[in-house]
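Asks: The structure follows.
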Amino acid sequence: MGIEENVRIVREKMAAAAVAAGRRPEDVLLIAATKTNSAERIREAIAAGVDACGENRVQEMLEKNAQGAYAGAPLHFIGHLQKNKVKQAVGLARLIHGADSLELLRVIDRVAGAKGLRQELLLEVNIAAEASKSGFRPEEIPGLLDEVSSFSHIWVRGLMAIPPVCASGKENRPYFDQMEKLFIDNGQKKYDNVSMDFLSMGMSGDYEEAIASGANMVRVGTAIFGQRVYP
Ligand SMILES: *Cc1c(COP(=O)(O)O)cnc(C)c1O
């Protein structure tokens, strides 16, 4: 099936999941996870109406950006951002999903300040406490938000998580539910430079479950583009 048809199907399932959860379909954003896909295929996805494109690697993002891959859609960075790549990502990416250490937040704040802008980002939570994954522990978030309130060149827009790869999306429901609680709890208190607007979770195998647990950004690759071919 083609990209356009795939986007239509994903949108339908997203809308059904949103309505079932008592929310409006238009309040859940579809981020196309575009890694390994060509500029041409990405433009097809944009034409089919995805809300944003999410790239994983800075070098790949720069190359495809130079080819005009993302024209007409906001560009997000959804991968693990290395400190030495911050200069290239800040400002180019509208939203950085995976800010995963205080040190990285400091660097982003400094670079954004030097560029005279305010970088929007999400804090990555290692919700299943996996040794292989980066991200903050849930209990670290309140203290972190306190700290971040003095970083005037970043704007924390919410939280992001990548739960374990499971055989079925249902197995991740407990993690999605924990994320929803964390998102709501940490949205109660007001901090400078923080607004808890976005909860980014859910991929091709589990975006419907994520939406059921309050996700309002899902990052979908395979279900839009088909199996990835790594060079
Ligand atoms: C690749 C990727 C996705 C999309 O994964 P699919 O299973 O292909 O939908 C989502 N989020 C991140 C961070 C990714 O790297």
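Chain labels follow the order of the structure tokens: the first chain is A, the next B, and so on; residue numbering restarts at 1 in every chain, and ligands are counted from 1 in their shown order.
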Hey, which residues come within 7 Å of ligand 1 if we count only C-alpha atoms and all ligand atoms? Could you give them as a VMD selection string?

Replies: chain A and resid 33 35 56 78 to 79 162 203 to 205 219 to 223

Asks: Report as an MDAnalysis selection string all protein, DNA and RNA residues lying within 7 Å of A:Leu122, evaluated on only C-alpha atoms, omitting residues in the same chain fewer than 4 positions from it.

Replies: chainID A and resid 96:99 156:160

Asks: Name all residues at most 12 Å from A:Met196 (count only C-alpha atoms; drop same-chain ones fewer than 3 positions away) and give them as a list in words.

Replies: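 So the residues in contact are Glu120, Leu121, Leu122, Leu123, Ile141, Leu145, Trp155, Val156, Arg157, Gly158, Leu159, Met160, Glu180, Leu182, Phe183, Ile184, Asp185, Asn186, Gly187, Gln188, Lys189, Lys190, Tyr191, Asp192, Asn193, Leu199, Ser200 and Asn216 of chain A.
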
Asks: Please extract the residues of stretch 49-191 of chain A with a backbone DSSP assignment of helix (DSSP H, G or I) and present them as a ChimeraX atom specification.

Replies: /A:58-66,83-89,102-114,138-148,169-188

Asks: In terms of the shortest atom-to-atom distance over only C-alpha atoms, which of A:Lys64, A:Pro142, A:Ser101, A:Val7 is closest to A:Glu124?

Replies: A:Ser101

Asks: One decimal, Å: what's the distance from atom CA of A:Ala71 over to atom CA of A:Glu40, could you say?

Replies: 11.0 Å

Asks: When you draw a straight line from atom CA of A:Met217 to atom CA of A:Val111, how long is it in Å?

Replies: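 Between atom CA of A:Met217 and atom CA of A:Val111 the gap works out to 26.0 Å.
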
Asks: I'd like the contact shell of A:Ser132 - 12 Å cut-off, only C-alpha atoms, skipping same-chain residues fewer than 6 positions apart - returned as a list in words.

Replies: Asn126, Ile162, Pro163 and Pro164 of chain A

Asks: I need the chosen residues saved as a compact mmCIF listing (two decimals), in the first residue's frame, with N, CA, C and O atoms.

Replies:
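As written to disk, selection_0.txt reads:
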# COMPACT_ATOMS: atom_id res chain seq x y z
N ASN A 126 12.44 7.60 31.23
CA ASN A 126 12.74 6.16 31.10
C ASN A 126 11.74 5.40 31.96
O ASN A 126 12.03 4.98 33.07
N ILE A 162 9.60 6.17 25.45
CA ILE A 162 9.69 5.03 24.52
C ILE A 162 9.66 3.76 25.38
O ILE A 162 10.69 3.31 25.85
N PRO A 163 8.48 3.21 25.62
CA PRO A 163 8.40 1.99 26.44
C PRO A 163 9.04 0.81 25.71
O PRO A 163 9.38 0.93 24.53
N PRO A 164 9.19 -0.32 26.40
CA PRO A 164 9.83 -1.48 25.78
C PRO A 164 9.10 -1.92 24.51
O PRO A 164 7.91 -1.68 24.36

Asks: What is the distance, in Å and to one decimal place, between atom CA of A:Val218 and atom CA of A:Lys13?

Replies: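 Computing it gives 11.9 Å between the two atoms.
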
Asks: So, counting only C-alpha atoms, which residue among A:Asn65, A:Arg41, A:Leu81, A:Thr36 is closest to A:Val229?

Replies: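 Using only C-alpha atoms, the shortest distance to A:Val229 belongs to A:Thr36.
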
Asks: Which neighbours of stretch 86-89 of chain A fall inside 10 Å, counting only C-alpha atoms, when residues of the same chain fewer than 6 positions from it are skipped, and could you give them as a PyMOL selection string?

Replies: chain A and resi 57-59+61-62+76-77+95-96+104-105+107-112+114-115+119

Asks: Find the spatial neighbours of A:Asn6, counting only C-alpha atoms, within a cut-off of 9 Å - ignore same-chain residues fewer than 5 positions away - and output them as a list of chain:residue names.

Replies: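 Everything that qualifies: A:Met1, A:Arg11, A:Ala223, A:Ile224, A:Phe225, A:Gly226.
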
Asks: May I have the selected residues written with C-alpha atoms, as a CSV table (one decimal), in the first residue's frame?

Replies:
chain,number,residue,atom,x,y,z
A,1,MET,CA,0.0,0.0,0.0
A,11,ARG,CA,-5.5,8.7,10.9
A,223,ALA,CA,2.8,2.0,9.6
A,224,ILE,CA,3.2,5.0,7.2
A,225,PHE,CA,6.3,4.1,5.2
A,226,GLY,CA,6.5,0.3,5.5
